[in-house]
Amino acid sequence: MAYDEGLAERVRERLGVHQDVTEKRMFGGIAFLYRGNMAVGISGSDLMVRVGPEHTDAALARPGTRVFDMTGRPMRGWILVDSSVLAEDDALGRWVDEGHAFAASLPPK
């Protein structure tokens with residue numbers, strides 16, 4: 001599956017202020033890692049966000065979100081955000097910052 005290059009560029013711009021951010025092709029899309037830990041990714045036109053298991057329910061209560069489930073087994077701590085709620089840079093930025101904050105809370109790989 002191809003991923004939305006325009007969305008990827010917007011994520012790059014947001015994460016560009018941080019050192020130690022790398023990109024890796026994953027899940028048929030692209031992932032952005034901070035110090036080796038995935039923070040956010042793009043699958044199709046949706047944004048994958050790593051929020052952590054303790055924040056999953058709160059994240060899923062927000063508009064345009066759903067459980068990240070590629071194998072029939074939902075992954076707690078990961079959500080998908082629909083592209084329809086990412087049109088505004090502020091909305092995208094909040095999700096990207098949330099994913100980055102979680103990745104930054106983990107030990108480097």
# chains A, B, ... in the order shown; residues from 1 in each chain; ligands from 1

$ residues_around --residues "A:Val67" --least-positions-apart "3" --cutoff "9 Å" --atoms "only C-alpha atoms" --output "PyMOL selection string"
chain A and resi 56+60+74-81

$ closest_atom_pairs --of "stretch 29-78 of chain A" --to "stretch 94-106 of chain A" --cutoff "6 Å" --atoms "only C-alpha atoms" --output "Markdown table"
| residue | atom | partner | partner_atom | distance |
| --- | --- | --- | --- | --- |
| A:Asn37 | CA | A:Ala103 | CA | 5.5 |
| A:Ala39 | CA | A:Gly99 | CA | 4.5 |
| A:Val40 | CA | A:Gly99 | CA | 5.6 |
| A:Val49 | CA | A:Gly99 | CA | 5.3 |
| A:Arg50 | CA | A:Gly99 | CA | 5.0 |
| A:Val51 | CA | A:Gly99 | CA | 5.7 |

$ closest_residue --among "A:Gly36, A:Gly6, A:Gly64, A:Gly41" --to "A:Asp20" --atoms "only C-alpha atoms"
A:Gly36

$ residues_around --residues "A:Arg14" --least-positions-apart "4" --cutoff "10 Å" --atoms "only C-alpha atoms" --output "PyMOL selection string"
chain A and resi 8-10+18+89+92-94+96-97

$ atom_distance --atom1 "atom CA of A:Ala2" --atom2 "atom CA of A:Ser45"
8.6 Å

$ select_by_dssp --residues "chain A" --states "alpha helix (DSSP H)" --output "NGL selection string"
:A and (5-15 or 56-60 or 89-104)

$ residues_around --residues "A:Glu23" --least-positions-apart "6" --cutoff "10 Å" --atoms "only C-alpha atoms" --output "ChimeraX atom specification"
/A:12,30-34,36,38,40-41

$ write_last_selection --atoms "N, CA and C atoms" --output "short mmCIF file (atom, residue, chain, number, x, y, z; two decimals), in the first residue's frame"
data_model
loop_
_atom_site.label_atom_id
_atom_site.label_comp_id
_atom_site.auth_asym_id
_atom_site.auth_seq_id
_atom_site.Cartn_x
_atom_site.Cartn_y
_atom_site.Cartn_z
N ARG A 12 7.49 15.26 8.56
CA ARG A 12 8.92 15.57 8.54
C ARG A 12 9.18 16.99 9.02
N ILE A 30 5.42 4.30 6.03
CA ILE A 30 6.67 4.87 6.53
C ILE A 30 6.50 5.17 8.02
N ALA A 31 7.55 4.90 8.77
CA ALA A 31 7.54 5.17 10.21
C ALA A 31 8.61 6.20 10.54
N PHE A 32 8.32 7.00 11.55
CA PHE A 32 9.26 7.99 12.05
C PHE A 32 9.65 7.56 13.45
N LEU A 33 10.93 7.35 13.66
CA LEU A 33 11.44 6.85 14.93
C LEU A 33 12.26 7.92 15.63
N TYR A 34 12.15 7.95 16.93
CA TYR A 34 12.97 8.84 17.73
C TYR A 34 13.87 7.97 18.60
N GLY A 36 15.35 5.41 17.83
CA GLY A 36 15.10 4.00 17.54
C GLY A 36 13.73 3.50 17.93
N MET A 38 9.60 3.85 17.56
CA MET A 38 8.61 4.44 16.67
C MET A 38 7.74 5.43 17.42
N VAL A 40 5.51 7.90 15.28
CA VAL A 40 4.35 7.99 14.39
C VAL A 40 4.71 7.32 13.07
N GLY A 41 3.69 7.05 12.29
CA GLY A 41 3.90 6.49 10.96
C GLY A 41 2.72 6.83 10.08
#

$ atom_distance --atom1 "atom CA of A:Arg25" --atom2 "atom CA of A:Ala61"
28.5 Å

$ closest_residue --among "A:Leu15, A:Met26, A:Ala91, A:Val21" --to "A:Gly44" --atoms "only C-alpha atoms"
A:Met26

$ select_by_dssp --residues "stretch 4-106 of chain A" --states "strand (DSSP E)" --output "PDB file with N, CA, C and O atoms, in the first residue's frame"
ATOM      1  N   VAL A  21      15.810  11.766  14.891  1.00  0.00           N
ATOM      2  CA  VAL A  21      14.621  11.246  14.223  1.00  0.00           C
ATOM      3  C   VAL A  21      15.071  10.581  12.929  1.00  0.00           C
ATOM      4  O   VAL A  21      15.826  11.164  12.154  1.00  0.00           O
ATOM      5  N   THR A  22      14.632   9.341  12.723  1.00  0.00           N
ATOM      6  CA  THR A  22      14.945   8.612  11.499  1.00  0.00           C
ATOM      7  C   THR A  22      13.644   8.111  10.879  1.00  0.00           C
ATOM      8  O   THR A  22      12.615   8.063  11.540  1.00  0.00           O
ATOM      9  N   GLU A  23      13.736   7.740   9.619  1.00  0.00           N
ATOM     10  CA  GLU A  23      12.583   7.198   8.900  1.00  0.00           C
ATOM     11  C   GLU A  23      12.890   5.769   8.489  1.00  0.00           C
ATOM     12  O   GLU A  23      14.030   5.431   8.186  1.00  0.00           O
ATOM     13  N   LYS A  24      11.840   4.948   8.473  1.00  0.00           N
ATOM     14  CA  LYS A  24      11.999   3.551   8.091  1.00  0.00           C
ATOM     15  C   LYS A  24      10.706   3.083   7.437  1.00  0.00           C
ATOM     16  O   LYS A  24       9.617   3.377   7.937  1.00  0.00           O
ATOM     17  N   ARG A  25      10.811   2.382   6.343  1.00  0.00           N
ATOM     18  CA  ARG A  25       9.618   1.816   5.712  1.00  0.00           C
ATOM     19  C   ARG A  25       9.124   0.645   6.561  1.00  0.00           C
ATOM     20  O   ARG A  25       9.885  -0.269   6.863  1.00  0.00           O
ATOM     21  N   MET A  26       7.859   0.728   6.958  1.00  0.00           N
ATOM     22  CA  MET A  26       7.245  -0.308   7.800  1.00  0.00           C
ATOM     23  C   MET A  26       5.750  -0.367   7.503  1.00  0.00           C
ATOM     24  O   MET A  26       5.151   0.643   7.135  1.00  0.00           O
ATOM     25  N   GLY A  29       4.041   1.320   4.777  1.00  0.00           N
ATOM     26  CA  GLY A  29       4.060   2.778   4.797  1.00  0.00           C
ATOM     27  C   GLY A  29       5.417   3.260   5.238  1.00  0.00           C
ATOM     28  O   GLY A  29       6.446   2.672   4.902  1.00  0.00           O
ATOM     29  N   ILE A  30       5.420   4.304   6.031  1.00  0.00           N
ATOM     30  CA  ILE A  30       6.669   4.866   6.533  1.00  0.00           C
ATOM     31  C   ILE A  30       6.501   5.167   8.019  1.00  0.00           C
ATOM     32  O   ILE A  30       5.431   5.601   8.454  1.00  0.00           O
ATOM     33  N   ALA A  31       7.554   4.900   8.772  1.00  0.00           N
ATOM     34  CA  ALA A  31       7.543   5.166  10.213  1.00  0.00           C
ATOM     35  C   ALA A  31       8.613   6.196  10.537  1.00  0.00           C
ATOM     36  O   ALA A  31       9.659   6.255   9.890  1.00  0.00           O
ATOM     37  N   PHE A  32       8.320   7.003  11.547  1.00  0.00           N
ATOM     38  CA  PHE A  32       9.263   7.988  12.048  1.00  0.00           C
ATOM     39  C   PHE A  32       9.646   7.557  13.453  1.00  0.00           C
ATOM     40  O   PHE A  32       8.784   7.385  14.322  1.00  0.00           O
ATOM     41  N   LEU A  33      10.932   7.345  13.662  1.00  0.00           N
ATOM     42  CA  LEU A  33      11.441   6.847  14.928  1.00  0.00           C
ATOM     43  C   LEU A  33      12.260   7.923  15.626  1.00  0.00           C
ATOM     44  O   LEU A  33      12.979   8.692  14.971  1.00  0.00           O
ATOM     45  N   TYR A  34      12.149   7.948  16.925  1.00  0.00           N
ATOM     46  CA  TYR A  34      12.973   8.841  17.730  1.00  0.00           C
ATOM     47  C   TYR A  34      13.866   7.974  18.598  1.00  0.00           C
ATOM     48  O   TYR A  34      13.385   7.150  19.371  1.00  0.00           O
ATOM     49  N   ASN A  37      12.919   4.323  18.561  1.00  0.00           N
ATOM     50  CA  ASN A  37      11.568   3.933  18.966  1.00  0.00           C
ATOM     51  C   ASN A  37      10.553   4.625  18.073  1.00  0.00           C
ATOM     52  O   ASN A  37      10.617   5.841  17.881  1.00  0.00           O
ATOM     53  N   MET A  38       9.598   3.848  17.555  1.00  0.00           N
ATOM     54  CA  MET A  38       8.610   4.443  16.665  1.00  0.00           C
ATOM     55  C   MET A  38       7.736   5.427  17.416  1.00  0.00           C
ATOM     56  O   MET A  38       7.235   5.141  18.499  1.00  0.00           O
ATOM     57  N   ALA A  39       7.550   6.589  16.810  1.00  0.00           N
ATOM     58  CA  ALA A  39       6.696   7.639  17.375  1.00  0.00           C
ATOM     59  C   ALA A  39       5.396   7.731  16.584  1.00  0.00           C
ATOM     60  O   ALA A  39       4.308   7.659  17.157  1.00  0.00           O
ATOM     61  N   VAL A  40       5.511   7.899  15.283  1.00  0.00           N
ATOM     62  CA  VAL A  40       4.353   7.988  14.391  1.00  0.00           C
ATOM     63  C   VAL A  40       4.712   7.323  13.069  1.00  0.00           C
ATOM     64  O   VAL A  40       5.883   7.079  12.777  1.00  0.00           O
ATOM     65  N   GLY A  41       3.693   7.054  12.290  1.00  0.00           N
ATOM     66  CA  GLY A  41       3.902   6.487  10.964  1.00  0.00           C
ATOM     67  C   GLY A  41       2.722   6.833  10.078  1.00  0.00           C
ATOM     68  O   GLY A  41       1.716   7.370  10.549  1.00  0.00           O
ATOM     69  N   ILE A  42       2.861   6.513   8.826  1.00  0.00           N
ATOM     70  CA  ILE A  42       1.791   6.773   7.874  1.00  0.00           C
ATOM     71  C   ILE A  42       1.480   5.475   7.146  1.00  0.00           C
ATOM     72  O   ILE A  42       2.376   4.827   6.603  1.00  0.00           O
ATOM     73  N   SER A  43       0.212   5.127   7.166  1.00  0.00           N
ATOM     74  CA  SER A  43      -0.291   3.959   6.457  1.00  0.00           C
ATOM     75  C   SER A  43      -1.429   4.435   5.565  1.00  0.00           C
ATOM     76  O   SER A  43      -2.459   4.881   6.075  1.00  0.00           O
ATOM     77  N   ASP A  46      -3.644   7.587   6.562  1.00  0.00           N
ATOM     78  CA  ASP A  46      -3.868   7.686   8.006  1.00  0.00           C
ATOM     79  C   ASP A  46      -2.551   7.798   8.760  1.00  0.00           C
ATOM     80  O   ASP A  46      -1.517   7.299   8.314  1.00  0.00           O
ATOM     81  N   LEU A  47      -2.619   8.428   9.911  1.00  0.00           N
ATOM     82  CA  LEU A  47      -1.456   8.586  10.775  1.00  0.00           C
ATOM     83  C   LEU A  47      -1.513   7.547  11.889  1.00  0.00           C
ATOM     84  O   LEU A  47      -2.518   7.439  12.595  1.00  0.00           O
ATOM     85  N   MET A  48      -0.448   6.749  12.023  1.00  0.00           N
ATOM     86  CA  MET A  48      -0.313   5.833  13.156  1.00  0.00           C
ATOM     87  C   MET A  48       0.382   6.608  14.258  1.00  0.00           C
ATOM     88  O   MET A  48       1.391   7.266  14.008  1.00  0.00           O
ATOM     89  N   VAL A  49      -0.149   6.524  15.451  1.00  0.00           N
ATOM     90  CA  VAL A  49       0.442   7.244  16.571  1.00  0.00           C
ATOM     91  C   VAL A  49       0.660   6.279  17.714  1.00  0.00           C
ATOM     92  O   VAL A  49      -0.253   5.556  18.119  1.00  0.00           O
ATOM     93  N   ARG A  50       1.860   6.283  18.262  1.00  0.00           N
ATOM     94  CA  ARG A  50       2.170   5.455  19.423  1.00  0.00           C
ATOM     95  C   ARG A  50       1.914   6.298  20.664  1.00  0.00           C
ATOM     96  O   ARG A  50       2.660   7.217  20.974  1.00  0.00           O
ATOM     97  N   THR A  65     -10.416   8.664  15.363  1.00  0.00           N
ATOM     98  CA  THR A  65      -9.423   7.669  15.754  1.00  0.00           C
ATOM     99  C   THR A  65     -10.020   6.270  15.756  1.00  0.00           C
ATOM    100  O   THR A  65     -11.225   6.090  15.895  1.00  0.00           O
ATOM    101  N   ARG A  66      -9.149   5.295  15.601  1.00  0.00           N
ATOM    102  CA  ARG A  66      -9.557   3.893  15.723  1.00  0.00           C
ATOM    103  C   ARG A  66      -8.341   3.069  16.145  1.00  0.00           C
ATOM    104  O   ARG A  66      -7.203   3.533  16.062  1.00  0.00           O
ATOM    105  N   VAL A  67      -8.592   1.866  16.558  1.00  0.00           N
ATOM    106  CA  VAL A  67      -7.529   0.963  17.007  1.00  0.00           C
ATOM    107  C   VAL A  67      -6.658   0.584  15.817  1.00  0.00           C
ATOM    108  O   VAL A  67      -7.157   0.343  14.713  1.00  0.00           O
ATOM    109  N   TRP A  78      -1.265   1.808  20.350  1.00  0.00           N
ATOM    110  CA  TRP A  78      -1.138   2.324  18.991  1.00  0.00           C
ATOM    111  C   TRP A  78      -2.538   2.645  18.476  1.00  0.00           C
ATOM    112  O   TRP A  78      -3.464   1.864  18.656  1.00  0.00           O
ATOM    113  N   ILE A  79      -2.675   3.774  17.801  1.00  0.00           N
ATOM    114  CA  ILE A  79      -3.957   4.134  17.205  1.00  0.00           C
ATOM    115  C   ILE A  79      -3.740   4.640  15.791  1.00  0.00           C
ATOM    116  O   ILE A  79      -2.612   4.978  15.414  1.00  0.00           O
ATOM    117  N   LEU A  80      -4.808   4.680  15.035  1.00  0.00           N
ATOM    118  CA  LEU A  80      -4.806   5.304  13.714  1.00  0.00           C
ATOM    119  C   LEU A  80      -5.675   6.543  13.780  1.00  0.00           C
ATOM    120  O   LEU A  80      -6.756   6.516  14.377  1.00  0.00           O
ATOM    121  N   VAL A  81      -5.199   7.604  13.172  1.00  0.00           N
ATOM    122  CA  VAL A  81      -5.951   8.851  13.091  1.00  0.00           C
ATOM    123  C   VAL A  81      -6.309   9.060  11.626  1.00  0.00           C
ATOM    124  O   VAL A  81      -5.425   9.068  10.758  1.00  0.00           O
TER     125      VAL A  81
END

$ atom_distance --atom1 "atom CA of A:Arg62" --atom2 "atom CA of A:Gln19"
29.0 Å

$ residues_around --residues "A:Pro63" --least-positions-apart "4" --cutoff "10 Å" --atoms "only C-alpha atoms" --output "list in words"
Ala59, Val81, Asp82, Ser84 and Val85 of chain A
